[in-house]
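> One file is attached below, protein_29.pdb, containing PDB, C-alpha atoms.
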```pdb
ATOM      1  CA  MET T   1     -26.345 -26.911  15.324
ATOM      2  CA  CYS T   2     -22.694 -27.310  16.399
ATOM      3  CA  PHE T   3     -21.881 -28.942  13.067
ATOM      4  CA  LEU T   4     -23.588 -26.067  11.207
ATOM      5  CA  THR T   5     -21.647 -23.481  13.194
ATOM      6  CA  ARG T   6     -18.345 -25.198  12.438
ATOM      7  CA  GLY T   7     -19.289 -25.409   8.775
ATOM      8  CA  LEU T   8     -20.133 -21.715   8.582
ATOM      9  CA  SER T   9     -16.893 -20.822  10.346
ATOM     10  CA  LEU T  10     -14.899 -22.895   7.863
ATOM     11  CA  LEU T  11     -16.703 -21.316   4.910
ATOM     12  CA  LEU T  12     -16.033 -17.826   6.261
ATOM     13  CA  ALA T  13     -12.348 -18.607   6.731
ATOM     14  CA  VAL T  14     -12.088 -19.887   3.167
ATOM     15  CA  LEU T  15     -13.834 -16.809   1.768
ATOM     16  CA  LEU T  16     -11.651 -14.417   3.756
ATOM     17  CA  TRP T  17      -8.430 -16.061   2.574
ATOM     18  CA  ALA T  18      -9.577 -16.908  -0.957
ATOM     19  CA  PRO T  19      -7.818 -14.004  -2.757
ATOM     20  CA  TRP T  20      -4.420 -14.974  -1.325
ATOM     21  CA  TRP T  21      -5.038 -18.729  -1.403
ATOM     22  CA  ALA T  22      -5.834 -18.434  -5.119
ATOM     23  CA  LEU T  23      -2.342 -17.071  -5.756
ATOM     24  CA  HIS T  24      -0.930 -20.569  -5.345
ATOM     25  CA  GLY T  25      -1.917 -21.010  -8.965
ATOM     26  CA  ALA T  26      -0.011 -17.890 -10.025
ATOM     27  CA  PRO T  27       2.444 -18.377 -12.886
ATOM     28  CA  LEU T  28       5.526 -17.842 -10.736
ATOM     29  CA  THR T  29       6.813 -21.358 -10.181
ATOM     30  CA  GLU T  30       9.907 -20.616 -12.222
ATOM     31  CA  LEU T  31      10.714 -17.724  -9.880
ATOM     32  CA  SER T  32       9.843 -19.279  -6.529
ATOM     33  CA  GLY T  33      13.221 -20.994  -6.177
ATOM     34  CA  ASP T  34      15.284 -18.151  -7.625
ATOM     35  CA  GLN T  35      17.625 -16.969  -4.870
ATOM     36  CA  ASP T  36      17.971 -13.438  -6.230
ATOM     37  CA  PHE T  37      14.190 -13.086  -6.448
ATOM     38  CA  GLN T  38      13.758 -14.405  -2.899
ATOM     39  CA  LEU T  39      16.429 -11.980  -1.661
ATOM     40  CA  PHE T  40      14.620  -9.133  -3.421
ATOM     41  CA  LEU T  41      11.355 -10.122  -1.730
ATOM     42  CA  GLN T  42      12.889 -10.405   1.752
ATOM     43  CA  ARG T  43      14.707  -7.076   1.499
ATOM     44  CA  ASN T  44      11.654  -5.242   0.256
ATOM     45  CA  LEU T  45       9.387  -6.842   2.828
ATOM     46  CA  GLU T  46      11.643  -5.183   5.416
ATOM     47  CA  PHE T  47      11.618  -1.951   3.428
ATOM     48  CA  THR T  48       7.818  -1.967   3.205
ATOM     49  CA  ARG T  49       7.592  -2.663   6.945
ATOM     50  CA  LYS T  50       9.783   0.396   7.617
ATOM     51  CA  ILE T  51       7.615   2.582   5.389
ATOM     52  CA  ARG T  52       4.505   1.348   7.200
ATOM     53  CA  GLY T  53       6.128   2.322  10.484
ATOM     54  CA  ASP T  54       6.871   5.835   9.245
ATOM     55  CA  VAL T  55       3.294   6.255   8.006
ATOM     56  CA  ALA T  56       2.043   5.068  11.409
ATOM     57  CA  ALA T  57       4.288   7.673  13.063
ATOM     58  CA  LEU T  58       2.737  10.407  10.910
ATOM     59  CA  GLN T  59      -0.732   9.106  11.786
ATOM     60  CA  ARG T  60       0.106   9.412  15.485
ATOM     61  CA  LEU T  61       1.338  12.970  14.915
ATOM     62  CA  VAL T  62      -1.904  13.885  13.126
ATOM     63  CA  CYS T  63      -3.814  12.401  16.054
ATOM     64  CA  ASP T  64      -1.738  14.164  18.712
ATOM     65  CA  THR T  65      -1.388  17.493  16.895
ATOM     66  CA  LEU T  66      -4.727  17.867  15.117
ATOM     67  CA  GLN T  67      -6.878  15.625  17.324
ATOM     68  CA  LEU T  68      -7.943  13.593  14.286
ATOM     69  CA  CYS T  69      -7.730   9.997  15.410
ATOM     70  CA  LYS T  70     -10.855   7.983  14.549
ATOM     71  CA  GLU T  71     -11.830   7.296  10.958
ATOM     72  CA  ASP T  72     -15.475   6.505  11.708
ATOM     73  CA  GLU T  73     -15.955   9.994  13.200
ATOM     74  CA  LEU T  74     -14.782  11.652   9.971
ATOM     75  CA  LEU T  75     -16.663   9.661   7.337
ATOM     76  CA  LEU T  76     -19.288  12.366   6.782
ATOM     77  CA  VAL T  77     -16.581  14.962   6.102
ATOM     78  CA  ARG T  78     -14.836  12.554   3.741
ATOM     79  CA  GLN T  79     -17.845  12.649   1.430
ATOM     80  CA  ASP T  80     -16.956  16.266   0.623
ATOM     81  CA  LEU T  81     -13.337  15.439  -0.199
ATOM     82  CA  ASP T  82     -11.767  14.105  -3.381
ATOM     83  CA  ILE T  83      -9.536  11.536  -1.695
ATOM     84  CA  ALA T  84      -9.207   8.308  -3.650
ATOM     85  CA  GLN T  85      -7.631   4.999  -2.644
ATOM     86  CA  ALA T  86      -4.877   3.963  -5.050
ATOM     87  CA  PRO T  87      -5.996   0.616  -6.525
ATOM     88  CA  LEU T  88      -4.093  -2.582  -5.846
ATOM     89  CA  GLU T  89      -6.543  -5.265  -6.935
ATOM     90  CA  GLN T  90      -4.014  -6.692  -9.399
ATOM     91  CA  CYS T  91      -2.048  -8.080  -6.452
ATOM     92  CA  HIS T  92      -4.783 -10.420  -5.202
ATOM     93  CA  ARG T  93      -6.920 -11.444  -8.148
ATOM     94  CA  ARG T  94      -7.182 -14.939  -9.576
ATOM     95  CA  THR T  95      -5.485 -13.876 -12.807
ATOM     96  CA  PHE T  96      -2.452 -12.642 -10.838
ATOM     97  CA  GLN T  97       0.582 -11.677 -12.893
ATOM     98  CA  ALA T  98       3.783 -10.419 -11.290
ATOM     99  CA  GLU T  99       4.259  -7.564 -13.748
ATOM    100  CA  THR T 100       0.753  -6.143 -13.238
ATOM    101  CA  CYS T 101       1.004  -6.388  -9.456
ATOM    102  CA  PHE T 102       4.456  -4.777  -9.342
ATOM    103  CA  SER T 103       3.407  -2.069 -11.800
ATOM    104  CA  GLN T 104       0.361  -1.252  -9.695
ATOM    105  CA  ILE T 105       2.465  -1.032  -6.528
ATOM    106  CA  ARG T 106       4.804   1.398  -8.287
ATOM    107  CA  ALA T 107       1.883   3.466  -9.600
ATOM    108  CA  GLY T 108       0.382   3.700  -6.111
ATOM    109  CA  LEU T 109       3.699   4.711  -4.570
ATOM    110  CA  ARG T 110       3.924   7.486  -7.137
ATOM    111  CA  VAL T 111       0.441   8.773  -6.257
ATOM    112  CA  TYR T 112       1.096   8.791  -2.514
ATOM    113  CA  HIS T 113       4.546  10.326  -3.006
ATOM    114  CA  GLY T 114       2.837  13.409  -4.428
ATOM    115  CA  SER T 115       0.006  13.402  -1.889
ATOM    116  CA  LEU T 116       2.454  13.599   1.018
ATOM    117  CA  ALA T 117       2.926  17.286   0.198
ATOM    118  CA  THR T 118      -0.409  17.674   1.982
ATOM    119  CA  ILE T 119       1.065  16.121   5.122
ATOM    120  CA  ARG T 120       4.199  18.269   4.967
ATOM    121  CA  ALA T 121       2.004  21.377   4.932
ATOM    122  CA  LEU T 122       0.011  20.112   7.928
ATOM    123  CA  LEU T 123       3.063  19.118   9.972
ATOM    124  CA  PRO T 124       5.822  21.582   8.974
ATOM    125  CA  GLY T 125       7.799  20.723  12.102
ATOM    126  CA  HIS T 126       8.096  17.126  10.890
ATOM    127  CA  ALA T 127       9.057  17.769   7.271
ATOM    128  CA  GLY T 128      12.176  15.646   7.764
ATOM    129  CA  LEU T 129      10.078  12.557   8.456
ATOM    130  CA  VAL T 130       7.987  13.228   5.356
ATOM    131  CA  ASP T 131      11.150  13.681   3.276
ATOM    132  CA  THR T 132      12.596  10.407   4.596
ATOM    133  CA  LEU T 133       9.341   8.608   3.835
ATOM    134  CA  GLN T 134       9.263   9.966   0.287
ATOM    135  CA  LEU T 135      12.882   8.918  -0.260
ATOM    136  CA  ASP T 136      12.121   5.405   0.975
ATOM    137  CA  MET T 137       9.081   5.221  -1.301
ATOM    138  CA  ALA T 138      11.169   6.283  -4.299
ATOM    139  CA  ASN T 139      13.803   3.671  -3.425
ATOM    140  CA  LEU T 140      11.195   0.922  -3.068
ATOM    141  CA  SER T 141       9.720   1.843  -6.436
ATOM    142  CA  SER T 142      13.203   1.818  -7.972
ATOM    143  CA  ASN T 143      13.927  -1.600  -6.433
ATOM    144  CA  ILE T 144      10.753  -3.028  -7.949
ATOM    145  CA  GLN T 145      11.525  -1.453 -11.323
ATOM    146  CA  GLN T 146      15.022  -2.948 -11.313
ATOM    147  CA  GLN T 147      13.739  -6.382 -10.318
ATOM    148  CA  MET T 148      11.124  -6.306 -13.075
ATOM    149  CA  GLU T 149      13.826  -5.505 -15.594
ATOM    150  CA  ASP T 150      16.056  -8.280 -14.230
ATOM    151  CA  LEU T 151      13.199 -10.769 -14.602
ATOM    152  CA  GLY T 152      12.388  -9.579 -18.106
ATOM    153  CA  LEU T 153       8.911  -8.459 -17.054
ATOM    154  CA  ALA T 154       7.044  -5.699 -18.839
ATOM    155  CA  THR T 155       7.754  -2.360 -17.160
ATOM    156  CA  VAL T 156       6.159   1.052 -17.139
ATOM    157  CA  THR T 157       8.447   4.064 -16.749
ATOM    158  CA  TYR T 158       6.744   7.159 -15.395
ATOM    159  CA  PRO T 159       7.942  10.734 -16.014
ATOM    160  CA  THR T 160       9.974  12.202 -13.173
ATOM    161  CA  GLU T 161       7.631  15.155 -12.791
ATOM    162  CA  ASN T 162       4.459  14.591 -10.807
ATOM    163  CA  GLN T 163       1.542  14.147 -13.186
ATOM    164  CA  ASP T 164      -0.997  13.620 -10.407
ATOM    165  CA  PRO T 165      -2.234  16.919  -8.927
ATOM    166  CA  VAL T 166      -1.874  17.402  -5.195
ATOM    167  CA  PRO T 167      -5.354  17.433  -3.589
ATOM    168  CA  THR T 168      -6.823  20.857  -2.924
ATOM    169  CA  PHE T 169      -9.154  21.686  -0.052
ATOM    170  CA  SER T 170     -11.754  24.386   0.532
ATOM    171  CA  SER T 171     -10.870  24.957   4.192
ATOM    172  CA  GLN T 172      -8.153  24.273   6.734
ATOM    173  CA  PHE T 173     -10.350  21.679   8.440
ATOM    174  CA  HIS T 174     -10.914  19.874   5.137
ATOM    175  CA  HIS T 175      -7.147  20.008   4.585
ATOM    176  CA  GLN T 176      -6.587  18.359   7.945
ATOM    177  CA  VAL T 177      -9.196  15.659   7.362
ATOM    178  CA  GLY T 178      -7.858  15.115   3.851
ATOM    179  CA  GLY T 179      -4.396  14.537   5.277
ATOM    180  CA  PHE T 180      -5.845  12.064   7.778
ATOM    181  CA  PHE T 181      -7.465  10.018   5.002
ATOM    182  CA  ILE T 182      -4.420  10.184   2.728
ATOM    183  CA  LEU T 183      -2.402   8.505   5.478
ATOM    184  CA  ALA T 184      -5.176   6.012   6.273
ATOM    185  CA  ASN T 185      -5.489   5.037   2.606
ATOM    186  CA  PHE T 186      -1.729   4.814   2.201
ATOM    187  CA  GLN T 187      -1.455   2.527   5.223
ATOM    188  CA  ARG T 188      -4.091   0.187   3.750
ATOM    189  CA  PHE T 189      -2.276   0.255   0.411
ATOM    190  CA  LEU T 190       0.999  -0.703   2.105
ATOM    191  CA  GLU T 191      -0.662  -3.522   4.038
ATOM    192  CA  THR T 192      -1.966  -5.016   0.797
ATOM    193  CA  ALA T 193       1.407  -4.618  -0.930
ATOM    194  CA  TYR T 194       3.142  -6.223   2.070
ATOM    195  CA  ARG T 195       0.800  -9.222   2.010
ATOM    196  CA  ALA T 196       1.391  -9.661  -1.731
ATOM    197  CA  LEU T 197       5.182  -9.632  -1.316
ATOM    198  CA  ARG T 198       4.988 -11.944   1.679
ATOM    199  CA  HIS T 199       2.806 -14.381  -0.256
ATOM    200  CA  LEU T 200       5.245 -14.430  -3.161
ATOM    201  CA  ALA T 201       8.049 -15.171  -0.707
ATOM    202  CA  SER T 202       6.121 -18.177   0.603
ATOM    203  CA  LEU T 203       5.514 -19.815  -2.796
TER
END
```
Can you dump the structure from the file as structure tokens?


Amino acid sequence: MCFLTRGLSLLLAVLLWAPWWALHGAPLTELSGDQDFQLFLQRNLEFTRKIRGDVAALQRLVCDTLQLCKEDELLLVRQDLDIAQAPLEQCHRRTFQAETCFSQIRAGLRVYHGSLATIRALLPGHAGLVDTLQLDMANLSSNIQQQMEDLGLATVTYPTENQDPVPTFSSQFHHQVGGFFILANFQRFLETAYRALRHLASL
């Protein structure tokens, strides 16, 4: 029985880490020792960590100001809202390619950049924090774009105007819950992006 338990625990650990473990086969060996690429990764790991901290600060403000703190208590309301999670599966799939991962990070940053208008409307007294967060997001996206160009990777240039409509809500309460889930989704997106960058730095 003890042997079976240890075996199941090992299998679970392997399954949980499989997406990131599989990246060791990613076609990036020619970049792993590049000092400029490693510097880019380290700088933007710090940048991503700062952005995560600012999002966490906004989440605390939503909790303190609007009394919206626990995701599991709001799941039923979420069903009535059109709040999507920006995809980032390209950053942890077996067929990992740097250009598709970086492009998807940039696309997600663009989506959340527009969605933060919802948060600014909910927390008008903290518009400065939202503005700083949006500026940092734009800079991170620009850093990734520049690095992709330096590496000769395929890039996607998006129009400067926001093509993704800001979410609309049928009531003030739905607006508040929508803002809560925008921040929750963005935080999960950032965590995945951070793990992808950190993994690349460890190759």

> Give me the result of the PyMOL selection byres ((chain T and resi 173-182) around 8) on this file, residue by residue, as a list in words.

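For this structure, the PyMOL selection byres ((chain T and resi 173-182) around 8) resolves to Gln59, Val62, Leu66, Leu68, Glu71, Leu74, Val77, Arg78, Leu81, Ile83, Tyr112, Ser115, Leu116, Thr118, Ile119, Leu122, Thr168, Phe169, Ser170, Ser171, Gln172, Leu183, Ala184, Asn185 and Phe186 of chain T.
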
> Can you pull out every residue within 10 Å of T:Thr192, counting only C-alpha atoms, but drop anything in the same chain fewer than 4 positions away, and send it as a list in words?

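Contacts, in chain order: Leu88, Glu89, Cys91, His92, Ile105, Phe186, Gln187, Arg188, Ala196, Leu197 and Arg198 of chain T.
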
> Atom CA of T:Asp82 and atom CA of T:Cys101 are how many Å apart?

24.9 Å

> I'd like the contact shell of stretch 34-43 of chain T - 12 Å cut-off, all atoms listed in the file, skipping same-chain residues fewer than 6 positions apart - returned as a list in words.

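Residues meeting the cut-off are Leu28, Arg49, Lys50, Ala98, Phe102, Asn139, Leu140, Ser142, Asn143, Ile144, Gln145, Gln146, Gln147, Met148, Glu149, Asp150, Leu151, Ala193, Tyr194, Arg195, Ala196, Leu197, Arg198, His199, Leu200, Ala201, Ser202 and Leu203 of chain T.
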
> State, in Å with one decimal place, the distance from atom CA of T:Gln67 to atom CA of T:Pro87.

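Atom CA of T:Pro87 lies at a distance of 28.2 Å from atom CA of T:Gln67.
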
> Could you work out how far atom CA of T:Gln104 lies from atom CA of T:Leu129, giving the answer in Å with one decimal?

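According to the coordinates, atom CA of T:Leu129 and atom CA of T:Gln104 are separated by 24.8 Å.
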
> When distances are computed from all atoms listed in the file, which of T:Ser141, T:Gln134, T:Thr100, T:Gln85 shows the smallest separation from T:Asp54?

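With all atoms listed in the file as the atom set, the closest residue is T:Gln134.
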
> Within 7 Å of (2.8, 3.7, 3.2) (file coordinates; all atoms listed in the file), which protein or nucleic acid residues are there? I'd like them as a PyMOL selection string.

chain T and resi 51-52+55+186-187+189-190

> Using only C-alpha atoms for the distances, tell me which of T:Pro167, T:Gly125, T:Leu153, T:Phe47 is nearest to T:Ser103.

T:Leu153

> Since the input lacks atoms, please generate N, CA, C and O atoms for stretch 100-116 of chain T and provide them as an mmCIF file, keeping the file's coordinate frame.


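Listing of rebuild_15.cif after writing:
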```cif
data_model
loop_
_atom_site.group_PDB
_atom_site.id
_atom_site.type_symbol
_atom_site.label_atom_id
_atom_site.label_comp_id
_atom_site.auth_asym_id
_atom_site.auth_seq_id
_atom_site.Cartn_x
_atom_site.Cartn_y
_atom_site.Cartn_z
ATOM 1 N N THR T 100 1.863 -7.065 -13.489
ATOM 2 C CA THR T 100 0.753 -6.143 -13.238
ATOM 3 C C THR T 100 0.691 -5.754 -11.765
ATOM 4 O O THR T 100 0.395 -4.599 -11.437
ATOM 5 N N CYS T 101 0.980 -6.702 -10.884
ATOM 6 C CA CYS T 101 1.004 -6.388 -9.456
ATOM 7 C C CYS T 101 2.118 -5.392 -9.153
ATOM 8 O O CYS T 101 1.885 -4.358 -8.513
ATOM 9 N N PHE T 102 3.333 -5.672 -9.619
ATOM 10 C CA PHE T 102 4.456 -4.777 -9.342
ATOM 11 C C PHE T 102 4.225 -3.394 -9.949
ATOM 12 O O PHE T 102 4.554 -2.378 -9.339
ATOM 13 N N SER T 103 3.673 -3.361 -11.157
ATOM 14 C CA SER T 103 3.407 -2.069 -11.800
ATOM 15 C C SER T 103 2.386 -1.272 -11.004
ATOM 16 O O SER T 103 2.504 -0.043 -10.863
ATOM 17 N N GLN T 104 1.376 -1.955 -10.464
ATOM 18 C CA GLN T 104 0.361 -1.252 -9.695
ATOM 19 C C GLN T 104 0.917 -0.756 -8.365
ATOM 20 O O GLN T 104 0.554 0.328 -7.899
ATOM 21 N N ILE T 105 1.805 -1.512 -7.745
ATOM 22 C CA ILE T 105 2.465 -1.032 -6.528
ATOM 23 C C ILE T 105 3.255 0.240 -6.836
ATOM 24 O O ILE T 105 3.176 1.235 -6.102
ATOM 25 N N ARG T 106 4.008 0.225 -7.924
ATOM 26 C CA ARG T 106 4.804 1.398 -8.287
ATOM 27 C C ARG T 106 3.918 2.599 -8.587
ATOM 28 O O ARG T 106 4.226 3.731 -8.185
ATOM 29 N N ALA T 107 2.796 2.368 -9.280
ATOM 30 C CA ALA T 107 1.883 3.466 -9.600
ATOM 31 C C ALA T 107 1.291 4.068 -8.322
ATOM 32 O O ALA T 107 1.178 5.289 -8.187
ATOM 33 N N GLY T 108 0.926 3.208 -7.368
ATOM 34 C CA GLY T 108 0.382 3.700 -6.111
ATOM 35 C C GLY T 108 1.405 4.476 -5.307
ATOM 36 O O GLY T 108 1.084 5.525 -4.715
ATOM 37 N N LEU T 109 2.644 3.988 -5.274
ATOM 38 C CA LEU T 109 3.699 4.711 -4.570
ATOM 39 C C LEU T 109 3.889 6.099 -5.164
ATOM 40 O O LEU T 109 4.118 7.080 -4.437
ATOM 41 N N ARG T 110 3.776 6.197 -6.467
ATOM 42 C CA ARG T 110 3.924 7.486 -7.137
ATOM 43 C C ARG T 110 2.804 8.449 -6.728
ATOM 44 O O ARG T 110 3.047 9.631 -6.462
ATOM 45 N N VAL T 111 1.575 7.942 -6.649
ATOM 46 C CA VAL T 111 0.441 8.773 -6.257
ATOM 47 C C VAL T 111 0.625 9.293 -4.833
ATOM 48 O O VAL T 111 0.482 10.488 -4.559
ATOM 49 N N TYR T 112 0.967 8.379 -3.910
ATOM 50 C CA TYR T 112 1.096 8.791 -2.514
ATOM 51 C C TYR T 112 2.332 9.667 -2.288
ATOM 52 O O TYR T 112 2.345 10.514 -1.392
ATOM 53 N N HIS T 113 3.357 9.469 -3.100
ATOM 54 C CA HIS T 113 4.546 10.326 -3.006
ATOM 55 C C HIS T 113 4.148 11.782 -3.191
ATOM 56 O O HIS T 113 4.587 12.670 -2.435
ATOM 57 N N GLY T 114 3.303 12.044 -4.193
ATOM 58 C CA GLY T 114 2.837 13.409 -4.428
ATOM 59 C C GLY T 114 1.884 13.898 -3.351
ATOM 60 O O GLY T 114 1.949 15.056 -2.910
ATOM 61 N N SER T 115 1.009 13.012 -2.877
ATOM 62 C CA SER T 115 0.006 13.402 -1.889
ATOM 63 C C SER T 115 0.620 13.783 -0.547
ATOM 64 O O SER T 115 0.006 14.507 0.244
ATOM 65 N N LEU T 116 1.831 13.299 -0.274
ATOM 66 C CA LEU T 116 2.454 13.599 1.018
ATOM 67 C C LEU T 116 2.814 15.072 1.169
ATOM 68 O O LEU T 116 3.121 15.525 2.275
#
```
